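Engineer: Structure: upload_24.pdb, PDB, C-alpha atoms.
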ATOM      1  CA  MET A 634       8.939  19.455 -19.217
ATOM      2  CA  ASN A 635       6.934  19.518 -22.463
ATOM      3  CA  ILE A 636       3.488  17.975 -22.013
ATOM      4  CA  ASP A 637       1.952  16.123 -24.954
ATOM      5  CA  LEU A 638      -1.199  14.623 -23.480
ATOM      6  CA  THR A 639      -2.228  13.154 -26.828
ATOM      7  CA  GLN A 640       0.416  10.440 -26.378
ATOM      8  CA  LEU A 641      -0.964   9.250 -23.023
ATOM      9  CA  VAL A 642      -3.303   6.251 -22.977
ATOM     10  CA  THR A 643      -4.978   7.633 -19.853
ATOM     11  CA  GLU A 644      -5.828  10.859 -21.714
ATOM     12  CA  SER A 645      -7.322   9.252 -24.837
ATOM     13  CA  ARG A 646     -11.062   9.043 -25.482
ATOM     14  CA  ASN A 647     -12.927   5.874 -24.609
ATOM     15  CA  GLN A 648     -15.243   4.834 -27.428
ATOM     16  CA  ALA A 649     -17.302   2.672 -25.063
ATOM     17  CA  SER A 650     -18.415   5.816 -23.226
ATOM     18  CA  ALA A 651     -18.517   8.258 -26.131
ATOM     19  CA  GLU A 652     -22.309   8.701 -25.757
ATOM     20  CA  ILE A 653     -22.551   8.047 -22.025
ATOM     21  CA  ASP A 654     -24.384  11.306 -21.377
ATOM     22  CA  THR A 655     -27.315  10.030 -23.477
ATOM     23  CA  LEU A 656     -27.783   6.753 -21.566
ATOM     24  CA  SER A 657     -30.188   5.860 -18.790
ATOM     25  CA  THR A 658     -28.690   5.800 -15.311
ATOM     26  CA  LEU A 659     -28.568   1.999 -15.250
ATOM     27  CA  ASP A 660     -26.954   1.768 -18.700
ATOM     28  CA  MET A 661     -24.469   4.489 -17.739
ATOM     29  CA  LEU A 662     -23.426   2.552 -14.647
ATOM     30  CA  SER A 663     -23.204  -0.667 -16.671
ATOM     31  CA  VAL A 664     -20.658   0.947 -18.972
ATOM     32  CA  ILE A 665     -18.616   2.134 -15.985
ATOM     33  CA  ASN A 666     -18.781  -1.319 -14.418
ATOM     34  CA  GLN A 667     -17.713  -3.054 -17.633
ATOM     35  CA  GLU A 668     -14.685  -0.793 -17.899
ATOM     36  CA  ASP A 669     -13.810  -1.304 -14.235
ATOM     37  CA  GLN A 670     -13.691  -5.061 -14.797
ATOM     38  CA  LYS A 671     -10.684  -4.541 -17.056
ATOM     39  CA  VAL A 672      -8.642  -3.054 -14.210
ATOM     40  CA  ALA A 673      -7.993  -6.295 -12.315
ATOM     41  CA  LEU A 674      -6.711  -7.957 -15.498
ATOM     42  CA  ALA A 675      -4.361  -5.041 -16.142
ATOM     43  CA  VAL A 676      -3.009  -5.411 -12.607
ATOM     44  CA  GLN A 677      -2.702  -9.194 -13.070
ATOM     45  CA  SER A 678      -0.269  -8.620 -15.943
ATOM     46  CA  GLN A 679       2.032  -6.803 -13.511
ATOM     47  CA  LEU A 680       2.144  -9.446 -10.767
ATOM     48  CA  PRO A 681       5.805 -10.403 -11.386
ATOM     49  CA  ASN A 682       6.856  -6.762 -11.009
ATOM     50  CA  ILE A 683       4.643  -6.295  -7.955
ATOM     51  CA  ALA A 684       6.227  -9.405  -6.422
ATOM     52  CA  GLN A 685       9.702  -7.907  -6.932
ATOM     53  CA  ALA A 686       8.568  -4.755  -5.165
ATOM     54  CA  VAL A 687       7.022  -6.704  -2.260
ATOM     55  CA  ASP A 688      10.286  -8.612  -1.743
ATOM     56  CA  ALA A 689      12.272  -5.364  -1.847
ATOM     57  CA  ILE A 690       9.976  -3.735   0.717
ATOM     58  CA  THR A 691      10.139  -6.796   2.963
ATOM     59  CA  GLN A 692      13.939  -6.708   2.841
ATOM     60  CA  ALA A 693      13.908  -2.985   3.607
ATOM     61  CA  PHE A 694      11.747  -3.564   6.683
ATOM     62  CA  ALA A 695      14.085  -6.319   7.874
ATOM     63  CA  ASN A 696      17.050  -3.940   7.509
ATOM     64  CA  GLY A 697      15.402  -1.096   9.409
ATOM     65  CA  GLY A 698      14.238   0.755   6.297
ATOM     66  CA  ARG A 699      10.925   2.336   5.388
ATOM     67  CA  LEU A 700       8.366   2.319   2.585
ATOM     68  CA  ILE A 701       7.736   5.832   1.301
ATOM     69  CA  TYR A 702       4.936   6.586  -1.136
ATOM     70  CA  MET A 703       4.950   9.817  -3.093
ATOM     71  CA  GLY A 704       2.436  11.196  -5.562
ATOM     72  CA  ALA A 705       0.269  14.164  -6.472
ATOM     73  CA  GLY A 706      -3.492  14.577  -6.366
ATOM     74  CA  THR A 707      -5.394  11.284  -6.339
ATOM     75  CA  SER A 708      -2.171   9.275  -6.483
ATOM     76  CA  GLY A 709      -0.725  11.049  -3.468
ATOM     77  CA  ARG A 710      -3.954  10.622  -1.511
ATOM     78  CA  LEU A 711      -4.008   6.886  -2.260
ATOM     79  CA  GLY A 712      -0.472   6.556  -0.906
ATOM     80  CA  ILE A 713      -1.412   8.413   2.264
ATOM     81  CA  LEU A 714      -4.517   6.234   2.665
ATOM     82  CA  ASP A 715      -2.534   3.019   2.357
ATOM     83  CA  ALA A 716       0.167   4.252   4.735
ATOM     84  CA  SER A 717      -2.344   5.389   7.353
ATOM     85  CA  GLU A 718      -4.013   1.972   7.483
ATOM     86  CA  CYS A 719      -0.829   0.066   8.371
ATOM     87  CA  PRO A 720      -0.470   1.008  12.077
ATOM     88  CA  PRO A 721      -3.981  -0.036  13.177
ATOM     89  CA  THR A 722      -4.024  -3.145  10.969
ATOM     90  CA  TYR A 723      -0.528  -4.463  11.546
ATOM     91  CA  GLY A 724       0.670  -2.667  14.678
ATOM     92  CA  THR A 725       3.461  -0.910  12.779
ATOM     93  CA  HIS A 726       5.152   2.314  13.831
ATOM     94  CA  PRO A 727       3.645   5.317  12.011
ATOM     95  CA  ASP A 728       7.034   6.039  10.440
ATOM     96  CA  LEU A 729       7.407   2.602   8.819
ATOM     97  CA  VAL A 730       5.101   3.390   5.891
ATOM     98  CA  VAL A 731       4.942   7.065   4.944
ATOM     99  CA  GLY A 732       2.799   8.890   2.393
ATOM    100  CA  LEU A 733       3.973  12.101   0.708
ATOM    101  CA  ILE A 734       1.776  14.315  -1.459
ATOM    102  CA  ALA A 735       2.848  17.247  -3.600
ATOM    103  CA  GLY A 736       1.840  20.397  -1.757
ATOM    104  CA  GLY A 737       1.932  18.857   1.708
ATOM    105  CA  HIS A 738      -0.848  18.155   4.183
ATOM    106  CA  GLN A 739      -3.215  20.792   2.783
ATOM    107  CA  ALA A 740      -3.168  19.015  -0.596
ATOM    108  CA  ILE A 741      -4.915  15.999   0.923
ATOM    109  CA  LEU A 742      -8.212  17.896   0.889
ATOM    110  CA  LYS A 743      -7.607  20.636  -1.663
ATOM    111  CA  ALA A 744      -5.469  20.874  -4.788
ATOM    112  CA  VAL A 745      -2.305  22.964  -4.409
ATOM    113  CA  GLU A 746      -1.525  24.866  -7.594
ATOM    114  CA  ASN A 747       1.643  23.837  -9.473
ATOM    115  CA  ALA A 748       2.978  21.650  -6.641
ATOM    116  CA  GLU A 749       3.085  18.545  -8.823
ATOM    117  CA  ASP A 750       5.128  20.390 -11.460
ATOM    118  CA  ASN A 751       8.015  21.008  -9.068
ATOM    119  CA  ALA A 752      10.677  18.295  -9.292
ATOM    120  CA  GLU A 753      12.809  19.931  -6.583
ATOM    121  CA  LEU A 754       9.881  19.724  -4.168
ATOM    122  CA  GLY A 755       9.899  15.936  -4.498
ATOM    123  CA  GLN A 756      13.588  15.878  -3.662
ATOM    124  CA  ASP A 757      13.138  18.279  -0.746
ATOM    125  CA  ASP A 758      10.304  16.221   0.763
ATOM    126  CA  LEU A 759      12.506  13.117   0.765
ATOM    127  CA  LYS A 760      15.435  15.020   2.228
ATOM    128  CA  ALA A 761      13.159  16.172   5.049
ATOM    129  CA  LEU A 762      12.562  12.483   5.863
ATOM    130  CA  ASN A 763      16.326  11.811   5.920
ATOM    131  CA  LEU A 764      15.979   9.285   3.119
ATOM    132  CA  SER A 765      18.638   6.577   3.178
ATOM    133  CA  ALA A 766      19.745   3.600   1.114
ATOM    134  CA  LYS A 767      17.720   1.352   3.435
ATOM    135  CA  ASP A 768      14.418   2.810   2.237
ATOM    136  CA  VAL A 769      12.084   2.022  -0.664
ATOM    137  CA  VAL A 770      10.463   4.917  -2.520
ATOM    138  CA  VAL A 771       7.323   4.155  -4.542
ATOM    139  CA  GLY A 772       6.381   6.899  -6.974
ATOM    140  CA  ILE A 773       2.703   6.929  -7.962
ATOM    141  CA  ALA A 774       1.270   8.808 -10.955
ATOM    142  CA  ALA A 775      -1.283   7.706 -13.514
ATOM    143  CA  SER A 776       0.420   9.714 -16.259
ATOM    144  CA  GLY A 777       3.905   8.495 -15.375
ATOM    145  CA  ARG A 778       5.295  11.975 -16.047
ATOM    146  CA  THR A 779       4.613  13.975 -12.860
ATOM    147  CA  PRO A 780       7.743  16.101 -12.144
ATOM    148  CA  TYR A 781       7.273  15.985  -8.349
ATOM    149  CA  VAL A 782       7.435  12.180  -8.443
ATOM    150  CA  ILE A 783      10.245  11.998 -10.992
ATOM    151  CA  GLY A 784      12.307  14.428  -8.921
ATOM    152  CA  GLY A 785      11.776  12.255  -5.869
ATOM    153  CA  LEU A 786      12.691   9.034  -7.675
ATOM    154  CA  HIS A 787      15.818  10.645  -9.115
ATOM    155  CA  TYR A 788      16.954  11.766  -5.680
ATOM    156  CA  ALA A 789      16.133   8.363  -4.168
ATOM    157  CA  ASN A 790      18.349   6.701  -6.780
ATOM    158  CA  SER A 791      21.169   9.106  -5.933
ATOM    159  CA  VAL A 792      21.218   7.977  -2.283
ATOM    160  CA  GLY A 793      20.947   4.285  -3.179
ATOM    161  CA  ALA A 794      17.342   3.702  -2.113
ATOM    162  CA  MET A 795      15.224   1.157  -3.973
ATOM    163  CA  THR A 796      12.851   2.905  -6.383
ATOM    164  CA  VAL A 797       9.511   1.677  -7.726
ATOM    165  CA  SER A 798       7.131   3.372 -10.159
ATOM    166  CA  VAL A 799       3.375   2.805 -10.338
ATOM    167  CA  ALA A 800       2.007   4.383 -13.509
ATOM    168  CA  CYS A 801      -0.622   3.624 -16.148
ATOM    169  CA  ASN A 802       1.095   4.686 -19.375
ATOM    170  CA  PRO A 803       3.741   2.563 -21.118
ATOM    171  CA  ASP A 804       7.270   3.840 -21.765
ATOM    172  CA  CYS A 805       6.746   6.783 -19.437
ATOM    173  CA  PRO A 806       9.534   8.820 -17.752
ATOM    174  CA  MET A 807       8.813   7.244 -14.350
ATOM    175  CA  GLU A 808       9.501   3.770 -15.747
ATOM    176  CA  LYS A 809      12.951   4.911 -16.837
ATOM    177  CA  GLU A 810      13.712   6.452 -13.438
ATOM    178  CA  ALA A 811      12.634   3.484 -11.293
ATOM    179  CA  ARG A 812      14.478   0.235 -10.710
ATOM    180  CA  ILE A 813      11.167  -1.663 -10.611
ATOM    181  CA  ALA A 814       8.381  -0.494 -12.918
ATOM    182  CA  ILE A 815       4.757  -1.481 -12.301
ATOM    183  CA  THR A 816       2.664  -0.328 -15.256
ATOM    184  CA  PRO A 817      -0.910  -1.625 -15.544
ATOM    185  CA  ILE A 818      -2.381  -0.321 -18.786
ATOM    186  CA  VAL A 819      -6.039   0.219 -17.909
ATOM    187  CA  GLY A 820      -6.899   2.072 -21.117
ATOM    188  CA  PRO A 821      -8.826   5.317 -21.545
ATOM    189  CA  GLU A 822     -11.073   6.515 -18.755
ATOM    190  CA  ILE A 823     -14.877   6.640 -18.869
ATOM    191  CA  VAL A 824     -14.682  10.411 -18.497
ATOM    192  CA  THR A 825     -11.691  11.441 -20.601
ATOM    193  CA  GLY A 826      -8.646  12.147 -18.469
ATOM    194  CA  SER A 827     -10.360  11.408 -15.135
ATOM    195  CA  SER A 828      -7.583   9.172 -13.870
ATOM    196  CA  ARG A 829      -9.094   8.959 -10.390
ATOM    197  CA  MET A 830     -11.306   6.258 -11.950
ATOM    198  CA  LYS A 831      -9.710   3.192 -13.592
ATOM    199  CA  ALA A 832      -6.133   4.343 -13.054
ATOM    200  CA  GLY A 833      -6.877   5.195  -9.437
ATOM    201  CA  THR A 834      -8.504   1.812  -8.890
ATOM    202  CA  ALA A 835      -5.459   0.054 -10.334
ATOM    203  CA  GLN A 836      -3.169   2.051  -8.084
ATOM    204  CA  LYS A 837      -5.270   1.222  -5.029
ATOM    205  CA  LEU A 838      -5.138  -2.495  -5.837
ATOM    206  CA  ILE A 839      -1.364  -2.377  -6.266
ATOM    207  CA  LEU A 840      -0.683  -0.419  -3.081
ATOM    208  CA  ASN A 841      -2.874  -2.897  -1.182
ATOM    209  CA  MET A 842      -0.700  -5.696  -2.547
ATOM    210  CA  LEU A 843       2.570  -3.952  -1.688
ATOM    211  CA  THR A 844       1.814  -3.400   1.985
ATOM    212  CA  THR A 845      -0.252  -6.545   2.538
ATOM    213  CA  GLY A 846       2.375  -8.695   0.846
ATOM    214  CA  ALA A 847       5.225  -7.114   2.799
ATOM    215  CA  MET A 848       3.359  -7.460   6.095
ATOM    216  CA  ILE A 849       2.651 -11.147   5.419
ATOM    217  CA  ARG A 850       6.304 -11.697   4.524
ATOM    218  CA  SER A 851       7.279  -9.884   7.745
ATOM    219  CA  GLY A 852       5.317 -12.292   9.961
ATOM    220  CA  LYS A 853       2.424  -9.987  10.737
ATOM    221  CA  VAL A 854      -0.148 -12.453   9.398
ATOM    222  CA  PHE A 855      -0.754 -15.992  10.706
ATOM    223  CA  GLY A 856      -2.884 -17.975   8.273
ATOM    224  CA  ASN A 857      -4.973 -15.070   7.064
ATOM    225  CA  LEU A 858      -5.320 -13.436  10.492
ATOM    226  CA  MET A 859      -3.891  -9.981  11.284
ATOM    227  CA  VAL A 860      -2.107 -11.071  14.434
ATOM    228  CA  ASP A 861      -0.421  -7.726  15.140
ATOM    229  CA  VAL A 862      -3.666  -5.722  15.146
ATOM    230  CA  GLU A 863      -3.767  -3.025  17.832
ATOM    231  CA  ALA A 864      -6.782  -2.708  20.129
ATOM    232  CA  THR A 865      -7.491   0.988  19.612
ATOM    233  CA  ASN A 866     -11.300   0.832  19.710
ATOM    234  CA  ALA A 867     -14.123  -1.476  20.769
ATOM    235  CA  LYS A 868     -14.341  -3.173  17.386
ATOM    236  CA  LEU A 869     -10.639  -3.976  17.341
ATOM    237  CA  ILE A 870     -10.724  -5.257  20.923
ATOM    238  CA  GLN A 871     -13.376  -7.730  19.840
ATOM    239  CA  ARG A 872     -11.437  -8.534  16.684
ATOM    240  CA  GLN A 873      -8.426  -9.473  18.806
ATOM    241  CA  THR A 874     -10.525 -11.956  20.762
ATOM    242  CA  ASN A 875     -11.972 -13.397  17.555
ATOM    243  CA  ILE A 876      -8.482 -13.744  16.049
ATOM    244  CA  VAL A 877      -7.176 -15.698  19.036
ATOM    245  CA  VAL A 878     -10.263 -17.949  18.969
ATOM    246  CA  GLU A 879      -9.858 -18.603  15.219
ATOM    247  CA  ALA A 880      -6.131 -19.297  15.511
ATOM    248  CA  THR A 881      -6.299 -21.629  18.509
ATOM    249  CA  GLY A 882      -9.829 -23.057  18.737
ATOM    250  CA  VAL A 883     -10.249 -22.023  22.383
ATOM    251  CA  SER A 884     -13.350 -20.388  23.841
ATOM    252  CA  PRO A 885     -13.756 -16.590  23.845
ATOM    253  CA  GLN A 886     -13.270 -16.645  27.613
ATOM    254  CA  GLN A 887      -9.946 -18.478  27.312
ATOM    255  CA  ALA A 888      -8.878 -16.117  24.555
ATOM    256  CA  GLU A 889      -9.630 -13.121  26.770
ATOM    257  CA  GLN A 890      -7.669 -14.621  29.638
ATOM    258  CA  ALA A 891      -4.636 -15.157  27.430
ATOM    259  CA  LEU A 892      -4.860 -11.666  25.937
ATOM    260  CA  ASN A 893      -5.138 -10.059  29.365
ATOM    261  CA  ALA A 894      -2.107 -12.024  30.539
ATOM    262  CA  CYS A 895       0.092 -10.568  27.785
ATOM    263  CA  GLU A 896      -1.149  -6.971  27.548
ATOM    264  CA  ARG A 897      -3.498  -7.859  24.678
ATOM    265  CA  HIS A 898      -0.829  -8.871  22.183
ATOM    266  CA  CYS A 899      -2.463 -11.326  19.778
ATOM    267  CA  LYS A 900       0.706 -13.102  18.685
ATOM    268  CA  THR A 901       1.782 -13.741  22.250
ATOM    269  CA  ALA A 902      -1.658 -14.977  23.279
ATOM    270  CA  ILE A 903      -1.820 -17.340  20.305
ATOM    271  CA  LEU A 904       1.613 -18.782  20.998
ATOM    272  CA  MET A 905       0.807 -19.166  24.710
ATOM    273  CA  LEU A 906      -2.248 -21.230  23.891
ATOM    274  CA  LEU A 907      -0.815 -23.296  21.037
ATOM    275  CA  ALA A 908       2.480 -24.069  22.768
ATOM    276  CA  ASP A 909       1.027 -24.219  26.296
ATOM    277  CA  ILE A 910       3.551 -21.749  27.702
ATOM    278  CA  ASP A 911       3.271 -18.558  29.736
ATOM    279  CA  ALA A 912       3.415 -14.993  28.466
ATOM    280  CA  LYS A 913       7.083 -14.463  29.284
ATOM    281  CA  GLN A 914       8.130 -17.612  27.456
ATOM    282  CA  ALA A 915       5.917 -16.756  24.478
ATOM    283  CA  LYS A 916       7.361 -13.247  24.187
ATOM    284  CA  GLN A 917      10.897 -14.615  24.252
ATOM    285  CA  ARG A 918      10.172 -17.247  21.625
ATOM    286  CA  LEU A 919       8.641 -14.645  19.336
ATOM    287  CA  ALA A 920      11.646 -12.384  19.822
ATOM    288  CA  ASP A 921      13.966 -15.295  18.994
ATOM    289  CA  HIS A 922      12.079 -15.936  15.747
ATOM    290  CA  ASN A 923      11.576 -12.341  14.568
ATOM    291  CA  GLY A 924       7.881 -12.369  15.401
ATOM    292  CA  PHE A 925       6.933 -15.339  13.217
ATOM    293  CA  ILE A 926       4.431 -17.559  15.023
ATOM    294  CA  ARG A 927       5.016 -20.664  12.879
ATOM    295  CA  GLN A 928       8.780 -20.587  13.449
ATOM    296  CA  ALA A 929       8.258 -19.960  17.162
ATOM    297  CA  LEU A 930       6.033 -23.038  17.331
ATOM    298  CA  THR A 931       8.474 -25.355  15.577
ATOM    299  CA  GLY A 932      11.783 -23.790  16.651
TER     300      GLY A 932
END
With the file now loaded, output its structure as structure tokens.

Structural biologist:
Amino acid sequence: MNIDLTQLVTESRNQASAEIDTLSTLDMLSVINQEDQKVALAVQSQLPNIAQAVDAITQAFANGGRLIYMGAGTSGRLGILDASECPPTYGTHPDLVVGLIAGGHQAILKAVENAEDNAELGQDDLKALNLSAKDVVVGIAASGRTPYVIGGLHYANSVGAMTVSVACNPDCPMEKEARIAITPIVGPEIVTGSSRMKAGTAQKLILNMLTTGAMIRSGKVFGNLMVDVEATNAKLIQRQTNIVVEATGVSPQQAEQALNACERHCKTAILMLLADIDAKQAKQRLADHNGFIRQALTG
């Protein structure tokens, strides 16, 4: 693939930072901060496309499918970060949201030469996951031209999976390969070509929206409380108690009693207290309503 970086917005020079090496530390940081403020507005322009992706991911989860992120370098690491936060936050299986990075596990900490330039590697990594039409593949690359990601998206399309691109350059190859294109144009970076900065921030915001939105739509949030959080450490044990208290208005002692009666499952404890039923009844009601507390209360 011929690379003409001069055509990429993310590779152009930013006039606002053209003399940044001559500024005081405070003025330097002010320039960075001013540029960063543009990122949220760039993401805002893509909300309709992000919403389409959230609905597609939610449907995939309901059908037994997965969300698979794939990227190289910073983009790949951001996908892995977002995927790794889902199990402790929402009690999901580790295989529900998966992060792939060009070059494999070692590339998380250290760049792997030429891995991102291999389109077949993207296809092979998805084959190794037994990709199916039930899944959603989200390709992430600031440039929008990374062969590893394009190869993966192309293969995903061939098996009938939903494909989404997250890039920061308009009319890029990834947009053409994906069924849903999310393209926040954040403009040139403070340090020319350092797309871990504004482009990376935009990607992080979007990935947060994709998983958070899909988890809310899947019934894993009640109000704004993470009611499927797993108690894997002392902080999260306390968070569970606080969540039950906030959701029901009972005392911490009553919350603890309810949690202990249902093997510390927040949703069950909340439903027990709000509906005045026992753990067995609460578990059955939740099962009958696909884990949605509000439907279990009114159904």

Engineer: Please evaluate the PyMOL selection byres ((chain A and resi 713) around 10) against the displayed coordinates and give the resulting residues as a PyMOL selection string.

Structural biologist: chain A and resi 701-704+707-712+714-718+730-734+738+741

Engineer: Write to file, as a PDB file, in the frame of the given file, the residues of the selection just made, with C-alpha atoms.

Structural biologist:
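Here's the written file result10.pdb:
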ATOM      1  CA  ILE A 701       7.736   5.832   1.301  1.00  0.00           C
ATOM      2  CA  TYR A 702       4.936   6.586  -1.136  1.00  0.00           C
ATOM      3  CA  MET A 703       4.950   9.817  -3.093  1.00  0.00           C
ATOM      4  CA  GLY A 704       2.436  11.196  -5.562  1.00  0.00           C
ATOM      5  CA  THR A 707      -5.394  11.284  -6.339  1.00  0.00           C
ATOM      6  CA  SER A 708      -2.171   9.275  -6.483  1.00  0.00           C
ATOM      7  CA  GLY A 709      -0.725  11.049  -3.468  1.00  0.00           C
ATOM      8  CA  ARG A 710      -3.954  10.622  -1.511  1.00  0.00           C
ATOM      9  CA  LEU A 711      -4.008   6.886  -2.260  1.00  0.00           C
ATOM     10  CA  GLY A 712      -0.472   6.556  -0.906  1.00  0.00           C
ATOM     11  CA  LEU A 714      -4.517   6.234   2.665  1.00  0.00           C
ATOM     12  CA  ASP A 715      -2.534   3.019   2.357  1.00  0.00           C
ATOM     13  CA  ALA A 716       0.167   4.252   4.735  1.00  0.00           C
ATOM     14  CA  SER A 717      -2.344   5.389   7.353  1.00  0.00           C
ATOM     15  CA  GLU A 718      -4.013   1.972   7.483  1.00  0.00           C
ATOM     16  CA  VAL A 730       5.101   3.390   5.891  1.00  0.00           C
ATOM     17  CA  VAL A 731       4.942   7.065   4.944  1.00  0.00           C
ATOM     18  CA  GLY A 732       2.799   8.890   2.393  1.00  0.00           C
ATOM     19  CA  LEU A 733       3.973  12.101   0.708  1.00  0.00           C
ATOM     20  CA  ILE A 734       1.776  14.315  -1.459  1.00  0.00           C
ATOM     21  CA  HIS A 738      -0.848  18.155   4.183  1.00  0.00           C
ATOM     22  CA  ILE A 741      -4.915  15.999   0.923  1.00  0.00           C
TER      23      ILE A 741
END

Engineer: What do you get, as number ranges by chain, if you spell out every residue that the PyMOL selection byres ((chain A and resi 887) around 12) selects here?

Structural biologist: A: 874-875, 877-878, 881-886, 888-894, 902-903, 905-906

Engineer: Go ahead and find all residues with at least one atom no further than 10 Å from (12.1, 0.9, -11.7) in the file's coordinates, using all atoms listed in the file; report them as a ChimeraX atom specification.

Structural biologist: /A:682,686,771-772,786,790,795-799,807-815

Engineer: Using all atoms listed in the file, which residues sit within 12 Å of region 678-681 of chain A once same-chain residues fewer than 5 positions away are excluded, as JSON, numbers by chain?

Structural biologist: {"A": [671, 672, 673, 686, 687, 688, 798, 799, 800, 801, 813, 814, 815, 816, 817, 818, 819, 835, 836, 838, 839, 842, 843, 846]}

Engineer: I'd like the contact shell of Arg850 (chain A) - 10 Å cut-off, only C-alpha atoms, skipping same-chain residues fewer than 3 positions apart - returned as a short mmCIF file (atom, residue, chain, number, x, y, z; two decimals) with C-alpha atoms, in the frame of the given file.

Structural biologist:
data_model
loop_
_atom_site.label_atom_id
_atom_site.label_comp_id
_atom_site.auth_asym_id
_atom_site.auth_seq_id
_atom_site.Cartn_x
_atom_site.Cartn_y
_atom_site.Cartn_z
CA VAL A 687 7.02 -6.70 -2.26
CA ASP A 688 10.29 -8.61 -1.74
CA ILE A 690 9.98 -3.74 0.72
CA THR A 691 10.14 -6.80 2.96
CA GLN A 692 13.94 -6.71 2.84
CA THR A 844 1.81 -3.40 1.98
CA THR A 845 -0.25 -6.54 2.54
CA GLY A 846 2.38 -8.70 0.85
CA ALA A 847 5.22 -7.11 2.80
CA LYS A 853 2.42 -9.99 10.74
CA VAL A 854 -0.15 -12.45 9.40
CA PHE A 925 6.93 -15.34 13.22
#
